[in-house]
>>> print(open('structure_34.tsv').read())   # TSV, C-alpha atoms
chain	number	residue	atom	x	y	z
M	40	MET	CA	38.46	43.50	-41.01
M	41	ALA	CA	35.67	46.01	-41.51
M	42	LYS	CA	32.19	44.64	-42.02
M	43	LEU	CA	30.91	45.20	-45.57
M	44	SER	CA	27.35	46.27	-46.20
M	45	GLN	CA	25.09	44.39	-48.57
M	46	GLU	CA	25.47	47.18	-51.14
M	47	ASP	CA	29.29	46.95	-50.94
M	48	LEU	CA	29.16	43.17	-51.45
M	49	LEU	CA	26.83	43.52	-54.44
M	50	ALA	CA	29.14	46.14	-55.93
M	51	GLN	CA	32.06	43.71	-55.57
M	52	PHE	CA	30.08	40.90	-57.22
M	53	GLU	CA	29.08	43.25	-60.04
M	54	GLU	CA	32.73	43.72	-60.97
M	55	MET	CA	33.44	39.96	-61.09
M	56	THR	CA	33.37	37.88	-64.24
M	57	LEU	CA	31.11	34.84	-64.42
M	58	ILE	CA	34.09	32.53	-63.94
M	59	GLU	CA	35.24	34.43	-60.84
M	60	LEU	CA	31.70	34.42	-59.47
M	61	SER	CA	31.38	30.67	-60.09
M	62	GLU	CA	34.66	30.04	-58.27
M	63	PHE	CA	33.45	32.22	-55.38
M	64	VAL	CA	30.20	30.22	-55.12
M	65	LYS	CA	32.16	26.94	-55.02
M	66	ALA	CA	34.48	28.28	-52.32
M	67	PHE	CA	31.49	29.59	-50.33
M	68	GLU	CA	29.75	26.18	-50.54
M	69	GLU	CA	32.90	24.38	-49.34
M	70	LYS	CA	33.63	26.83	-46.53
M	71	PHE	CA	30.09	26.82	-45.06
M	72	ASP	CA	29.08	23.31	-46.14
M	73	VAL	CA	26.00	24.51	-48.03
M	74	THR	CA	24.59	24.13	-51.53
M	75	ALA	CA	23.41	26.96	-53.76
M	76	ALA	CA	20.90	24.69	-55.55
M	77	ALA	CA	17.25	25.71	-55.47
M	78	ALA	CA	15.24	23.93	-52.77
M	79	VAL	CA	12.28	23.47	-55.13
M	80	ALA	CA	14.31	21.20	-57.39
M	81	ALA	CA	14.88	18.75	-54.53
M	82	ALA	CA	11.17	18.28	-53.77
M	83	PRO	CA	9.48	15.36	-55.55
M	84	THR	CA	6.73	16.32	-57.96
M	85	GLY	CA	4.01	14.67	-59.98
M	86	PRO	CA	2.75	11.13	-59.35
M	87	VAL	CA	5.73	10.31	-57.12
M	88	ALA	CA	4.80	13.06	-54.65
M	89	VAL	CA	1.17	11.93	-54.58
M	90	ALA	CA	2.18	8.30	-53.97
M	91	GLU	CA	4.53	9.27	-51.15
M	92	ALA	CA	1.87	11.45	-49.53
M	93	ALA	CA	-0.65	8.61	-49.70
M	94	GLU	CA	1.78	6.17	-48.11
M	95	GLU	CA	2.68	8.54	-45.28
M	96	GLN	CA	-0.87	9.57	-44.38
M	97	ASP	CA	-1.72	8.48	-40.86
M	98	GLU	CA	-4.60	10.83	-40.06
M	99	PHE	CA	-7.95	10.59	-41.81
M	100	ASP	CA	-11.18	12.57	-41.89
M	101	VAL	CA	-14.59	10.88	-42.04
M	102	VAL	CA	-16.91	13.11	-44.08
M	103	LEU	CA	-20.67	12.55	-44.15
M	104	THR	CA	-21.75	13.27	-47.74
M	105	GLY	CA	-25.42	12.35	-47.38
M	106	ALA	CA	-27.85	11.03	-44.77
M	107	GLY	CA	-29.79	8.68	-47.01
M	108	GLU	CA	-33.32	7.54	-46.22
M	109	LYS	CA	-32.73	6.57	-42.57
M	110	LYS	CA	-31.79	9.99	-41.25
M	111	ILE	CA	-32.70	9.17	-37.64
M	112	GLN	CA	-30.42	6.12	-37.65
M	113	VAL	CA	-27.59	8.23	-39.07
M	114	ILE	CA	-28.08	10.85	-36.34
M	115	LYS	CA	-27.86	8.09	-33.69
M	116	VAL	CA	-24.60	6.80	-35.17
M	117	VAL	CA	-23.17	10.33	-35.35
M	118	ARG	CA	-24.00	10.79	-31.67
M	119	GLU	CA	-22.28	7.46	-30.84
M	120	LEU	CA	-19.15	8.43	-32.77
M	121	THR	CA	-18.92	11.96	-31.37
M	122	SER	CA	-19.76	13.70	-28.14
M	123	LEU	CA	-22.42	15.82	-29.86
M	124	GLY	CA	-25.86	16.35	-28.44
M	125	LEU	CA	-29.03	15.57	-30.36
M	126	LYS	CA	-29.42	19.04	-31.88
M	127	GLU	CA	-25.74	19.29	-32.90
M	128	ALA	CA	-25.80	15.80	-34.45
M	129	LYS	CA	-29.02	16.62	-36.34
M	130	ASP	CA	-27.51	19.89	-37.61
M	131	LEU	CA	-24.40	18.02	-38.76
M	132	VAL	CA	-26.46	15.44	-40.65
M	133	ASP	CA	-28.72	18.12	-42.16
M	134	GLY	CA	-25.70	20.16	-43.25
M	135	ALA	CA	-23.98	17.32	-45.13
M	136	PRO	CA	-21.38	17.21	-46.56
M	137	LYS	CA	-19.59	17.81	-43.27
M	138	PRO	CA	-16.78	16.06	-41.40
M	139	VAL	CA	-17.94	13.77	-38.61
M	140	LEU	CA	-14.46	12.85	-37.35
M	141	GLU	CA	-11.22	14.67	-38.14
M	142	LYS	CA	-7.61	13.51	-37.89
M	143	VAL	CA	-8.29	10.01	-36.61
M	144	ALA	CA	-6.35	6.80	-37.16
M	145	LYS	CA	-7.09	4.73	-40.25
M	146	GLU	CA	-8.75	1.93	-38.28
M	147	ALA	CA	-11.04	4.32	-36.41
M	148	ALA	CA	-11.95	6.09	-39.66
M	149	GLU	CA	-12.81	2.80	-41.36
M	150	LYS	CA	-14.96	1.64	-38.41
M	151	ALA	CA	-16.80	4.96	-38.31
M	152	ALA	CA	-17.40	4.85	-42.06
M	153	GLU	CA	-18.75	1.29	-41.82
M	154	SER	CA	-21.11	2.27	-38.99
M	155	LEU	CA	-22.43	5.24	-40.93
M	156	LYS	CA	-22.85	3.22	-44.12
M	157	ALA	CA	-24.71	0.51	-42.17
M	158	ALA	CA	-27.13	3.21	-40.99
M	159	GLY	CA	-27.74	4.24	-44.61
M	160	ALA	CA	-25.45	7.27	-44.93
M	161	SER	CA	-23.01	7.98	-47.73
M	162	VAL	CA	-19.51	8.60	-46.39
M	163	GLU	CA	-16.03	9.51	-47.65
M	164	VAL	CA	-12.77	8.83	-45.85
M	165	LYS	CA	-10.12	11.40	-46.77
>>> encode(input="structure_34.tsv", output="structure tokens")
Amino acid sequence: MAKLSQEDLLAQFEEMTLIELSEFVKAFEEKFDVTAAAAVAAAPTGPVAVAEAAEEQDEFDVVLTGAGEKKIQVIKVVRELTSLGLKEAKDLVDGAPKPVLEKVAKEAAEKAAESLKAAGASVEVK
């Protein structure tokens, strides 16, 4: 059997009635074990999608939103949590809001947030 080009196939489909085309789609789905449904329709949307994403999240970011009044204490905690030097830690604190830790486990993110809050910083865990 000669291979048909895309234009030849489209020309053949153009000549079909809607019923013939529907029957062809059903036969095609059965033969190749596929579905012609849109993939977007299968994806959850709205509040359900948000709830599922929140349940599945296993990596968190600790974001320093403000240094507070005890900036030196916050810089010390940032240095303890990261491998940054004094200048880099100071720049991070001065440039808030900035992430201190990225893609860490929930427990580590919570501990880091507690340490920063104890030093007087304002922190978000995302």
>>> atom_distance(input="structure_34.tsv", atom1="CA of Lys110 in chain M", atom2="CA of Ala144 in chain M")
26.0 Å
>>> atom_distance(input="structure_34.tsv", atom1="CA of Glu98 in chain M", atom2="CA of Ile111 in chain M")
28.3 Å
>>> residues_around(input="structure_34.tsv", residues="Arg118 in chain M", least_positions_apart="6", cutoff="8 Å", atoms="only C-alpha atoms", output="CSV table (one decimal) with C-alpha atoms, in the frame of the given file")
chain,number,residue,atom,x,y,z
M,124,GLY,CA,-25.9,16.4,-28.4
M,125,LEU,CA,-29.0,15.6,-30.4
M,128,ALA,CA,-25.8,15.8,-34.4
>>> residues_around(input="structure_34.tsv", residues="range 145-152 of chain M", least_positions_apart="5", cutoff="7 Å", atoms="all atoms listed in the file", output="list in words")
Asp97, Glu98, Phe99, Asp100, Val101, Leu120, Val162 and Val164 of chain M
>>> closest_residue(input="structure_34.tsv", among="M:Leu140, M:Ala160, M:Leu57, M:Val117", to="Gly105 in chain M", atoms="all atoms listed in the file")
M:Ala160
>>> closest_residue(input="structure_34.tsv", among="M:Lys137, M:Ala41, M:Leu155, M:Lys65", to="Val102 in chain M", atoms="all atoms listed in the file")
M:Lys137
>>> atom_distance(input="structure_34.tsv", atom1="CA of Glu69 in chain M", atom2="CA of Phe52 in chain M")
18.5 Å
>>> residues_around(input="structure_34.tsv", residues="Ser161 in chain M", least_positions_apart="5", cutoff="8 Å", atoms="all atoms listed in the file", output="PyMOL selection string")
chain M and resi 103-107+155-156
>>> build_atoms(input="structure_34.tsv", residues="range 106-117 of chain M", atoms="all heavy atoms", output="PDB file, in the frame of the given file")
ATOM      1  N   ALA M 106     -27.222  11.786 -45.855  1.00  0.00           N
ATOM      2  CA  ALA M 106     -27.850  11.030 -44.770  1.00  0.00           C
ATOM      3  C   ALA M 106     -28.598   9.808 -45.264  1.00  0.00           C
ATOM      4  O   ALA M 106     -28.803   8.855 -44.512  1.00  0.00           O
ATOM      5  CB  ALA M 106     -28.791  11.933 -43.983  1.00  0.00           C
ATOM      6  N   GLY M 107     -29.019   9.807 -46.510  1.00  0.00           N
ATOM      7  CA  GLY M 107     -29.790   8.680 -47.010  1.00  0.00           C
ATOM      8  C   GLY M 107     -31.229   8.731 -46.511  1.00  0.00           C
ATOM      9  O   GLY M 107     -31.719   9.755 -46.044  1.00  0.00           O
ATOM     10  N   GLU M 108     -31.909   7.588 -46.587  1.00  0.00           N
ATOM     11  CA  GLU M 108     -33.320   7.540 -46.220  1.00  0.00           C
ATOM     12  C   GLU M 108     -33.544   7.388 -44.724  1.00  0.00           C
ATOM     13  O   GLU M 108     -34.583   7.763 -44.199  1.00  0.00           O
ATOM     14  CB  GLU M 108     -33.999   6.382 -46.961  1.00  0.00           C
ATOM     15  CG  GLU M 108     -34.049   6.593 -48.459  1.00  0.00           C
ATOM     16  CD  GLU M 108     -34.706   5.442 -49.190  1.00  0.00           C
ATOM     17  OE1 GLU M 108     -35.384   4.622 -48.537  1.00  0.00           O
ATOM     18  OE2 GLU M 108     -34.541   5.373 -50.410  1.00  0.00           O
ATOM     19  N   LYS M 109     -32.577   6.817 -44.008  1.00  0.00           N
ATOM     20  CA  LYS M 109     -32.730   6.570 -42.570  1.00  0.00           C
ATOM     21  C   LYS M 109     -31.979   7.632 -41.761  1.00  0.00           C
ATOM     22  O   LYS M 109     -31.018   7.361 -41.064  1.00  0.00           O
ATOM     23  CB  LYS M 109     -32.197   5.179 -42.222  1.00  0.00           C
ATOM     24  CG  LYS M 109     -32.921   4.065 -42.948  1.00  0.00           C
ATOM     25  CD  LYS M 109     -32.313   2.735 -42.593  1.00  0.00           C
ATOM     26  CE  LYS M 109     -32.972   1.606 -43.350  1.00  0.00           C
ATOM     27  NZ  LYS M 109     -32.333   0.328 -43.052  1.00  0.00           N
ATOM     28  N   LYS M 110     -32.463   8.851 -41.867  1.00  0.00           N
ATOM     29  CA  LYS M 110     -31.790   9.990 -41.250  1.00  0.00           C
ATOM     30  C   LYS M 110     -31.686   9.844 -39.725  1.00  0.00           C
ATOM     31  O   LYS M 110     -30.654  10.166 -39.133  1.00  0.00           O
ATOM     32  CB  LYS M 110     -32.547  11.260 -41.620  1.00  0.00           C
ATOM     33  CG  LYS M 110     -31.931  12.536 -41.174  1.00  0.00           C
ATOM     34  CD  LYS M 110     -32.705  13.692 -41.778  1.00  0.00           C
ATOM     35  CE  LYS M 110     -32.544  14.936 -40.981  1.00  0.00           C
ATOM     36  NZ  LYS M 110     -33.321  16.047 -41.520  1.00  0.00           N
ATOM     37  N   ILE M 111     -32.706   9.323 -39.096  1.00  0.00           N
ATOM     38  CA  ILE M 111     -32.700   9.170 -37.640  1.00  0.00           C
ATOM     39  C   ILE M 111     -31.613   8.194 -37.208  1.00  0.00           C
ATOM     40  O   ILE M 111     -30.879   8.441 -36.243  1.00  0.00           O
ATOM     41  CB  ILE M 111     -34.084   8.742 -37.119  1.00  0.00           C
ATOM     42  CG1 ILE M 111     -35.085   9.867 -37.374  1.00  0.00           C
ATOM     43  CG2 ILE M 111     -34.034   8.385 -35.644  1.00  0.00           C
ATOM     44  CD1 ILE M 111     -36.520   9.496 -37.074  1.00  0.00           C
ATOM     45  N   GLN M 112     -31.467   7.093 -37.957  1.00  0.00           N
ATOM     46  CA  GLN M 112     -30.420   6.120 -37.650  1.00  0.00           C
ATOM     47  C   GLN M 112     -29.035   6.752 -37.802  1.00  0.00           C
ATOM     48  O   GLN M 112     -28.132   6.511 -37.002  1.00  0.00           O
ATOM     49  CB  GLN M 112     -30.542   4.884 -38.558  1.00  0.00           C
ATOM     50  CG  GLN M 112     -31.800   4.084 -38.343  1.00  0.00           C
ATOM     51  CD  GLN M 112     -31.892   3.532 -36.926  1.00  0.00           C
ATOM     52  OE1 GLN M 112     -30.899   3.189 -36.308  1.00  0.00           O
ATOM     53  NE2 GLN M 112     -33.102   3.473 -36.399  1.00  0.00           N
ATOM     54  N   VAL M 113     -28.869   7.560 -38.832  1.00  0.00           N
ATOM     55  CA  VAL M 113     -27.590   8.230 -39.070  1.00  0.00           C
ATOM     56  C   VAL M 113     -27.287   9.196 -37.925  1.00  0.00           C
ATOM     57  O   VAL M 113     -26.150   9.258 -37.436  1.00  0.00           O
ATOM     58  CB  VAL M 113     -27.589   8.952 -40.434  1.00  0.00           C
ATOM     59  CG1 VAL M 113     -26.315   9.758 -40.633  1.00  0.00           C
ATOM     60  CG2 VAL M 113     -27.768   7.946 -41.562  1.00  0.00           C
ATOM     61  N   ILE M 114     -28.286   9.922 -37.465  1.00  0.00           N
ATOM     62  CA  ILE M 114     -28.080  10.850 -36.340  1.00  0.00           C
ATOM     63  C   ILE M 114     -27.644  10.071 -35.100  1.00  0.00           C
ATOM     64  O   ILE M 114     -26.731  10.499 -34.383  1.00  0.00           O
ATOM     65  CB  ILE M 114     -29.375  11.658 -36.060  1.00  0.00           C
ATOM     66  CG1 ILE M 114     -29.653  12.615 -37.217  1.00  0.00           C
ATOM     67  CG2 ILE M 114     -29.262  12.429 -34.753  1.00  0.00           C
ATOM     68  CD1 ILE M 114     -31.009  13.301 -37.155  1.00  0.00           C
ATOM     69  N   LYS M 115     -28.250   8.916 -34.850  1.00  0.00           N
ATOM     70  CA  LYS M 115     -27.860   8.090 -33.690  1.00  0.00           C
ATOM     71  C   LYS M 115     -26.403   7.655 -33.799  1.00  0.00           C
ATOM     72  O   LYS M 115     -25.662   7.708 -32.814  1.00  0.00           O
ATOM     73  CB  LYS M 115     -28.770   6.860 -33.589  1.00  0.00           C
ATOM     74  CG  LYS M 115     -30.167   7.163 -33.116  1.00  0.00           C
ATOM     75  CD  LYS M 115     -30.994   5.891 -33.032  1.00  0.00           C
ATOM     76  CE  LYS M 115     -32.418   6.178 -32.590  1.00  0.00           C
ATOM     77  NZ  LYS M 115     -33.227   4.936 -32.526  1.00  0.00           N
ATOM     78  N   VAL M 116     -25.991   7.235 -34.989  1.00  0.00           N
ATOM     79  CA  VAL M 116     -24.600   6.800 -35.170  1.00  0.00           C
ATOM     80  C   VAL M 116     -23.643   7.971 -34.992  1.00  0.00           C
ATOM     81  O   VAL M 116     -22.586   7.834 -34.362  1.00  0.00           O
ATOM     82  CB  VAL M 116     -24.410   6.122 -36.553  1.00  0.00           C
ATOM     83  CG1 VAL M 116     -22.948   5.815 -36.818  1.00  0.00           C
ATOM     84  CG2 VAL M 116     -25.246   4.854 -36.642  1.00  0.00           C
ATOM     85  N   VAL M 117     -24.012   9.132 -35.506  1.00  0.00           N
ATOM     86  CA  VAL M 117     -23.170  10.330 -35.350  1.00  0.00           C
ATOM     87  C   VAL M 117     -23.006  10.644 -33.871  1.00  0.00           C
ATOM     88  O   VAL M 117     -21.902  10.959 -33.403  1.00  0.00           O
ATOM     89  CB  VAL M 117     -23.752  11.528 -36.128  1.00  0.00           C
ATOM     90  CG1 VAL M 117     -23.066  12.831 -35.736  1.00  0.00           C
ATOM     91  CG2 VAL M 117     -23.635  11.301 -37.621  1.00  0.00           C
TER      92      VAL M 117
END
